[in-house]
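See below for data26.cif, which holds mmCIF, N, CA and C atoms.
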data_run
#
loop_
_atom_site.label_atom_id
_atom_site.label_comp_id
_atom_site.auth_asym_id
_atom_site.auth_seq_id
_atom_site.Cartn_x
_atom_site.Cartn_y
_atom_site.Cartn_z
N MET A 1 9.71 -23.28 -16.84
CA MET A 1 9.61 -22.11 -15.99
C MET A 1 8.16 -21.93 -15.56
N LYS A 2 7.98 -21.61 -14.30
CA LYS A 2 6.64 -21.40 -13.77
C LYS A 2 6.25 -19.94 -13.91
N TYR A 3 4.98 -19.71 -14.04
CA TYR A 3 4.46 -18.35 -14.15
C TYR A 3 3.43 -18.16 -13.07
N PRO A 4 3.34 -17.05 -12.42
CA PRO A 4 4.14 -15.86 -12.64
C PRO A 4 5.56 -16.04 -12.12
N SER A 5 6.43 -15.16 -12.59
CA SER A 5 7.84 -15.25 -12.21
C SER A 5 8.02 -14.91 -10.73
N ARG A 6 9.19 -15.21 -10.24
CA ARG A 6 9.51 -14.93 -8.84
C ARG A 6 9.46 -13.43 -8.55
N LYS A 7 9.96 -12.61 -9.50
CA LYS A 7 9.95 -11.16 -9.30
C LYS A 7 8.53 -10.63 -9.20
N LEU A 8 7.67 -11.07 -10.10
CA LEU A 8 6.27 -10.62 -10.07
C LEU A 8 5.59 -11.09 -8.79
N SER A 9 5.84 -12.32 -8.40
CA SER A 9 5.25 -12.84 -7.16
C SER A 9 5.72 -12.04 -5.95
N ASP A 10 7.00 -11.70 -5.91
CA ASP A 10 7.54 -10.90 -4.81
C ASP A 10 6.91 -9.52 -4.76
N ASP A 11 6.78 -8.88 -5.93
CA ASP A 11 6.18 -7.54 -5.96
C ASP A 11 4.71 -7.57 -5.57
N LEU A 12 3.99 -8.59 -6.00
CA LEU A 12 2.58 -8.70 -5.61
C LEU A 12 2.44 -8.98 -4.12
N ALA A 13 3.32 -9.80 -3.58
CA ALA A 13 3.31 -10.06 -2.14
C ALA A 13 3.62 -8.80 -1.35
N THR A 14 4.56 -8.00 -1.86
CA THR A 14 4.89 -6.73 -1.22
C THR A 14 3.65 -5.84 -1.15
N LEU A 15 2.95 -5.74 -2.26
CA LEU A 15 1.75 -4.91 -2.27
C LEU A 15 0.67 -5.46 -1.34
N TRP A 16 0.52 -6.75 -1.31
CA TRP A 16 -0.53 -7.38 -0.51
C TRP A 16 -0.26 -7.24 0.98
N ILE A 17 1.01 -7.39 1.38
CA ILE A 17 1.34 -7.39 2.80
C ILE A 17 1.75 -6.01 3.30
N GLN A 18 2.60 -5.32 2.56
CA GLN A 18 3.17 -4.08 3.08
C GLN A 18 2.33 -2.84 2.81
N ALA A 19 1.52 -2.83 1.77
CA ALA A 19 0.69 -1.64 1.52
C ALA A 19 -0.26 -1.36 2.68
N PRO A 20 -0.95 -2.37 3.25
CA PRO A 20 -1.77 -2.08 4.43
C PRO A 20 -0.96 -1.60 5.62
N MET A 21 0.30 -2.07 5.72
CA MET A 21 1.16 -1.60 6.81
C MET A 21 1.44 -0.11 6.66
N VAL A 22 1.71 0.34 5.44
CA VAL A 22 1.97 1.75 5.19
C VAL A 22 0.73 2.57 5.53
N ILE A 23 -0.42 2.09 5.10
CA ILE A 23 -1.67 2.80 5.40
C ILE A 23 -1.86 2.90 6.91
N GLY A 24 -1.63 1.79 7.61
CA GLY A 24 -1.78 1.78 9.06
C GLY A 24 -0.82 2.73 9.76
N MET A 25 0.45 2.74 9.32
CA MET A 25 1.43 3.64 9.94
C MET A 25 1.06 5.09 9.71
N ARG A 26 0.63 5.41 8.49
CA ARG A 26 0.26 6.79 8.20
C ARG A 26 -0.99 7.20 8.97
N LEU A 27 -1.96 6.32 9.05
CA LEU A 27 -3.18 6.65 9.80
C LEU A 27 -2.88 6.83 11.28
N SER A 28 -2.01 5.99 11.84
CA SER A 28 -1.69 6.15 13.26
C SER A 28 -0.94 7.46 13.51
N GLN A 29 -0.08 7.86 12.58
CA GLN A 29 0.60 9.14 12.73
C GLN A 29 -0.40 10.30 12.67
N MET A 30 -1.35 10.20 11.72
CA MET A 30 -2.37 11.26 11.61
C MET A 30 -3.24 11.30 12.86
N TRP A 31 -3.58 10.13 13.38
CA TRP A 31 -4.42 10.05 14.57
C TRP A 31 -3.69 10.66 15.77
N MET A 32 -2.44 10.32 15.96
CA MET A 32 -1.68 10.87 17.08
C MET A 32 -1.51 12.37 16.96
N THR A 33 -1.31 12.85 15.74
CA THR A 33 -1.20 14.29 15.53
C THR A 33 -2.51 14.98 15.89
N ALA A 34 -3.63 14.39 15.49
CA ALA A 34 -4.94 14.97 15.79
C ALA A 34 -5.22 14.93 17.29
N MET A 35 -4.85 13.85 17.96
CA MET A 35 -5.13 13.71 19.40
C MET A 35 -4.27 14.62 20.26
N THR A 36 -3.03 14.84 19.83
CA THR A 36 -2.12 15.66 20.64
C THR A 36 -2.18 17.13 20.26
N GLY A 37 -2.92 17.46 19.21
CA GLY A 37 -3.03 18.84 18.79
C GLY A 37 -1.79 19.34 18.07
N GLY A 38 -0.99 18.43 17.57
CA GLY A 38 0.22 18.81 16.86
C GLY A 38 -0.09 19.38 15.49
N GLY A 39 0.91 19.95 14.88
CA GLY A 39 0.75 20.51 13.54
C GLY A 39 0.62 19.42 12.49
N VAL A 40 -0.10 19.72 11.46
CA VAL A 40 -0.30 18.76 10.37
C VAL A 40 1.01 18.61 9.61
N ASN A 41 1.36 17.38 9.30
CA ASN A 41 2.58 17.10 8.56
C ASN A 41 2.29 17.23 7.06
N ILE A 42 2.40 18.44 6.57
CA ILE A 42 2.09 18.72 5.16
C ILE A 42 3.03 17.96 4.24
N THR A 43 4.26 17.79 4.66
CA THR A 43 5.24 17.08 3.83
C THR A 43 4.78 15.65 3.56
N GLU A 44 4.28 14.97 4.59
CA GLU A 44 3.82 13.60 4.43
C GLU A 44 2.59 13.54 3.53
N PHE A 45 1.67 14.49 3.71
CA PHE A 45 0.48 14.52 2.85
C PHE A 45 0.87 14.74 1.38
N ASN A 46 1.76 15.68 1.14
CA ASN A 46 2.21 15.93 -0.23
C ASN A 46 2.93 14.72 -0.81
N GLN A 47 3.72 14.05 0.00
CA GLN A 47 4.44 12.87 -0.47
C GLN A 47 3.46 11.75 -0.81
N MET A 48 2.41 11.58 0.00
CA MET A 48 1.43 10.53 -0.28
C MET A 48 0.80 10.72 -1.66
N VAL A 49 0.46 11.95 -1.97
CA VAL A 49 -0.20 12.21 -3.25
C VAL A 49 0.79 12.16 -4.41
N SER A 50 1.91 12.82 -4.25
CA SER A 50 2.86 12.90 -5.36
C SER A 50 3.46 11.55 -5.71
N GLU A 51 3.73 10.70 -4.70
CA GLU A 51 4.32 9.40 -5.01
C GLU A 51 3.33 8.51 -5.76
N LYS A 52 2.05 8.65 -5.48
CA LYS A 52 1.06 7.86 -6.21
C LYS A 52 0.97 8.31 -7.67
N MET A 53 1.03 9.61 -7.89
CA MET A 53 0.98 10.13 -9.26
C MET A 53 2.23 9.71 -10.02
N MET A 54 3.39 9.78 -9.39
CA MET A 54 4.63 9.39 -10.04
C MET A 54 4.65 7.89 -10.32
N ALA A 55 4.16 7.09 -9.38
CA ALA A 55 4.12 5.64 -9.59
C ALA A 55 3.17 5.28 -10.73
N ALA A 56 2.03 5.97 -10.81
CA ALA A 56 1.09 5.69 -11.90
C ALA A 56 1.69 6.04 -13.26
N ALA A 57 2.36 7.19 -13.33
CA ALA A 57 2.99 7.58 -14.59
C ALA A 57 4.12 6.63 -14.96
N GLU A 58 4.95 6.28 -13.99
CA GLU A 58 6.06 5.36 -14.24
C GLU A 58 5.53 3.98 -14.65
N SER A 59 4.45 3.54 -14.02
CA SER A 59 3.86 2.25 -14.36
C SER A 59 3.31 2.26 -15.78
N ALA A 60 2.65 3.35 -16.17
CA ALA A 60 2.09 3.44 -17.52
C ALA A 60 3.20 3.39 -18.58
N VAL A 61 4.27 4.13 -18.34
CA VAL A 61 5.39 4.15 -19.29
C VAL A 61 6.05 2.77 -19.35
N ALA A 62 6.31 2.18 -18.18
CA ALA A 62 6.97 0.87 -18.15
C ALA A 62 6.10 -0.20 -18.80
N THR A 63 4.80 -0.12 -18.60
CA THR A 63 3.89 -1.08 -19.22
C THR A 63 3.92 -0.96 -20.73
N ASN A 64 3.87 0.27 -21.22
CA ASN A 64 3.91 0.47 -22.68
C ASN A 64 5.23 0.02 -23.28
N ILE A 65 6.32 0.28 -22.60
CA ILE A 65 7.64 -0.16 -23.09
C ILE A 65 7.69 -1.69 -23.11
N ALA A 66 7.23 -2.33 -22.03
CA ALA A 66 7.25 -3.79 -21.97
C ALA A 66 6.36 -4.41 -23.04
N MET A 67 5.20 -3.81 -23.27
CA MET A 67 4.31 -4.34 -24.32
C MET A 67 4.95 -4.22 -25.69
N THR A 68 5.59 -3.08 -25.94
CA THR A 68 6.28 -2.88 -27.21
C THR A 68 7.42 -3.88 -27.38
N GLN A 69 8.21 -4.06 -26.34
CA GLN A 69 9.32 -5.01 -26.41
C GLN A 69 8.82 -6.43 -26.67
N GLN A 70 7.76 -6.82 -26.00
CA GLN A 70 7.22 -8.17 -26.18
C GLN A 70 6.63 -8.35 -27.58
N ASN A 71 5.98 -7.32 -28.10
CA ASN A 71 5.45 -7.41 -29.46
C ASN A 71 6.55 -7.49 -30.50
N ILE A 72 7.60 -6.71 -30.32
CA ILE A 72 8.73 -6.75 -31.25
C ILE A 72 9.39 -8.13 -31.19
N ALA A 73 9.57 -8.63 -29.97
CA ALA A 73 10.19 -9.96 -29.82
C ALA A 73 9.33 -11.03 -30.47
N ALA A 74 8.02 -10.93 -30.33
CA ALA A 74 7.12 -11.93 -30.93
C ALA A 74 7.16 -11.84 -32.45
N MET A 75 7.24 -10.63 -32.98
CA MET A 75 7.27 -10.47 -34.44
C MET A 75 8.58 -10.98 -35.02
N THR A 76 9.70 -10.73 -34.35
CA THR A 76 10.99 -11.15 -34.89
C THR A 76 11.21 -12.65 -34.75
N LYS A 77 10.65 -13.24 -33.70
CA LYS A 77 10.83 -14.67 -33.48
C LYS A 77 9.69 -15.48 -34.08
N GLY A 78 8.64 -14.81 -34.49
CA GLY A 78 7.49 -15.52 -35.03
C GLY A 78 6.71 -16.24 -33.95
N GLY A 79 6.86 -15.79 -32.72
CA GLY A 79 6.17 -16.45 -31.61
C GLY A 79 4.81 -15.84 -31.33
N ASN A 80 4.26 -16.23 -30.23
CA ASN A 80 2.96 -15.77 -29.81
C ASN A 80 3.13 -14.54 -28.91
N ALA A 81 2.48 -13.45 -29.26
CA ALA A 81 2.61 -12.22 -28.48
C ALA A 81 1.95 -12.36 -27.12
N LEU A 82 1.03 -13.30 -26.97
CA LEU A 82 0.34 -13.47 -25.70
C LEU A 82 0.84 -14.69 -24.93
N SER A 83 2.12 -14.98 -25.04
CA SER A 83 2.69 -16.09 -24.29
C SER A 83 2.71 -15.75 -22.80
N HIS A 84 2.85 -16.77 -21.98
CA HIS A 84 2.92 -16.55 -20.53
C HIS A 84 4.08 -15.65 -20.17
N ARG A 85 5.20 -15.86 -20.84
CA ARG A 85 6.39 -15.06 -20.55
C ARG A 85 6.17 -13.58 -20.89
N ALA A 86 5.49 -13.31 -22.00
CA ALA A 86 5.22 -11.92 -22.40
C ALA A 86 4.26 -11.26 -21.42
N VAL A 87 3.22 -11.96 -21.05
CA VAL A 87 2.25 -11.41 -20.09
C VAL A 87 2.91 -11.17 -18.75
N ASP A 88 3.77 -12.09 -18.34
CA ASP A 88 4.49 -11.95 -17.08
C ASP A 88 5.40 -10.72 -17.09
N ALA A 89 6.10 -10.49 -18.20
CA ALA A 89 6.99 -9.34 -18.31
C ALA A 89 6.22 -8.03 -18.25
N VAL A 90 5.07 -7.97 -18.90
CA VAL A 90 4.25 -6.76 -18.87
C VAL A 90 3.69 -6.52 -17.47
N ALA A 91 3.20 -7.58 -16.84
CA ALA A 91 2.65 -7.44 -15.49
C ALA A 91 3.74 -7.01 -14.51
N GLN A 92 4.92 -7.56 -14.65
CA GLN A 92 6.04 -7.17 -13.78
C GLN A 92 6.37 -5.69 -13.95
N ALA A 93 6.41 -5.23 -15.18
CA ALA A 93 6.70 -3.81 -15.43
C ALA A 93 5.62 -2.92 -14.84
N MET A 94 4.38 -3.39 -14.87
CA MET A 94 3.27 -2.59 -14.37
C MET A 94 3.29 -2.47 -12.84
N VAL A 95 3.64 -3.53 -12.16
CA VAL A 95 3.54 -3.59 -10.70
C VAL A 95 4.79 -3.03 -10.00
N LYS A 96 5.93 -3.14 -10.64
CA LYS A 96 7.20 -2.78 -10.01
C LYS A 96 7.26 -1.37 -9.41
N PRO A 97 6.80 -0.31 -10.12
CA PRO A 97 6.88 1.02 -9.52
C PRO A 97 6.11 1.16 -8.21
N TYR A 98 4.98 0.48 -8.11
CA TYR A 98 4.18 0.54 -6.89
C TYR A 98 4.86 -0.20 -5.74
N SER A 99 5.35 -1.40 -6.01
CA SER A 99 5.97 -2.18 -4.94
C SER A 99 7.26 -1.52 -4.46
N LYS A 100 7.98 -0.88 -5.38
CA LYS A 100 9.22 -0.18 -5.00
C LYS A 100 8.91 0.94 -4.00
N ARG A 101 7.85 1.68 -4.26
CA ARG A 101 7.49 2.77 -3.36
C ARG A 101 6.94 2.27 -2.03
N VAL A 102 6.20 1.19 -2.06
CA VAL A 102 5.67 0.63 -0.82
C VAL A 102 6.81 0.16 0.07
N ARG A 103 7.78 -0.55 -0.49
CA ARG A 103 8.94 -0.99 0.31
C ARG A 103 9.69 0.21 0.89
N SER A 104 9.85 1.24 0.09
CA SER A 104 10.53 2.45 0.56
C SER A 104 9.76 3.11 1.70
N ASN A 105 8.44 3.17 1.58
CA ASN A 105 7.62 3.78 2.62
C ASN A 105 7.67 2.98 3.92
N VAL A 106 7.66 1.66 3.83
CA VAL A 106 7.74 0.84 5.04
C VAL A 106 9.05 1.12 5.77
N ARG A 107 10.15 1.16 5.02
CA ARG A 107 11.46 1.45 5.65
C ARG A 107 11.45 2.83 6.29
N ARG A 108 10.99 3.82 5.55
CA ARG A 108 11.03 5.20 6.05
C ARG A 108 10.10 5.41 7.23
N LEU A 109 8.87 4.93 7.13
CA LEU A 109 7.89 5.15 8.20
C LEU A 109 8.19 4.36 9.47
N SER A 110 8.79 3.19 9.32
CA SER A 110 9.10 2.39 10.51
C SER A 110 10.29 2.95 11.27
N LYS A 111 11.11 3.77 10.64
CA LYS A 111 12.27 4.38 11.30
C LYS A 111 11.94 5.71 11.95
N GLN A 112 10.79 6.31 11.62
CA GLN A 112 10.45 7.63 12.14
C GLN A 112 10.20 7.56 13.64
N LYS A 113 10.67 8.58 14.32
CA LYS A 113 10.45 8.74 15.76
C LYS A 113 9.55 9.95 15.95
N ASP A 114 8.47 9.76 16.71
CA ASP A 114 7.56 10.90 16.99
C ASP A 114 7.86 11.55 18.29
#

Is it possible to express this structure as structure tokens?
Amino acid sequence: MKYPSRKLSDDLATLWIQAPMVIGMRLSQMWMTAMTGGGVNITEFNQMVSEKMMAAAESAVATNIAMTQQNIAAMTKGGNALSHRAVDAVAQAMVKPYSKRVRSNVRRLSKQKD
């Protein structure tokens, strides 16, 4: 098996490619609102902040759970706790909440009509 896993590679690619797209879409919406004198979209601002806080909390919990699971598995099997597979599982748990939200934002923001 190759490392990193396909899931981790996909999530990292999502963050690398789609996160700047989300930033660009949000900035263009803010710019158009400022140029046209429209009202500030408070809902979008609140969502930007709250989703980052929720993703950070979810990532911290998932990382701790994955680390605990990998340590328990290493202790019961007598294996190495720092194997490639264990590190990959922890990294996947850490990145997944962020990539999930980025994919969701790309879908939502690309469908919006101004």

List as a VMD selection string: which residues have an atom within 9 Å of (5.1, -6.5, -11.4), counting only C-alpha atoms?
chain A and resid 7 to 12 88 to 99

Tell me which residues the PyMOL selection byres (((chain A and resi 86 and name CA) around 9) and name CA) grabs here, as an NGL selection string.
:A and (66-67 or 69-71 or 74 or 80-85 or 87-91)

Please measure the separation of atom CA of Gln18 of chain A and atom CA of Val102 of chain A, giving the value in Å to one decimal.
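Those two atoms sit 6.6 Å apart.
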
Interatomic distance (Å, one decimal) between atom CA of Ser110 of chain A and atom CA of Met30 of chain A:
14.5 Å

With all atoms of segment 8-12 of chain A from the file as input, state the centre and edge lengths in Å to one decimal of the axis-aligned box that has 3 Å extra on each side, as JSON.
{"center_x": 5.1, "center_y": -10.2, "center_z": -7.1, "size_x": 11.2, "size_y": 11.3, "size_z": 12.0}
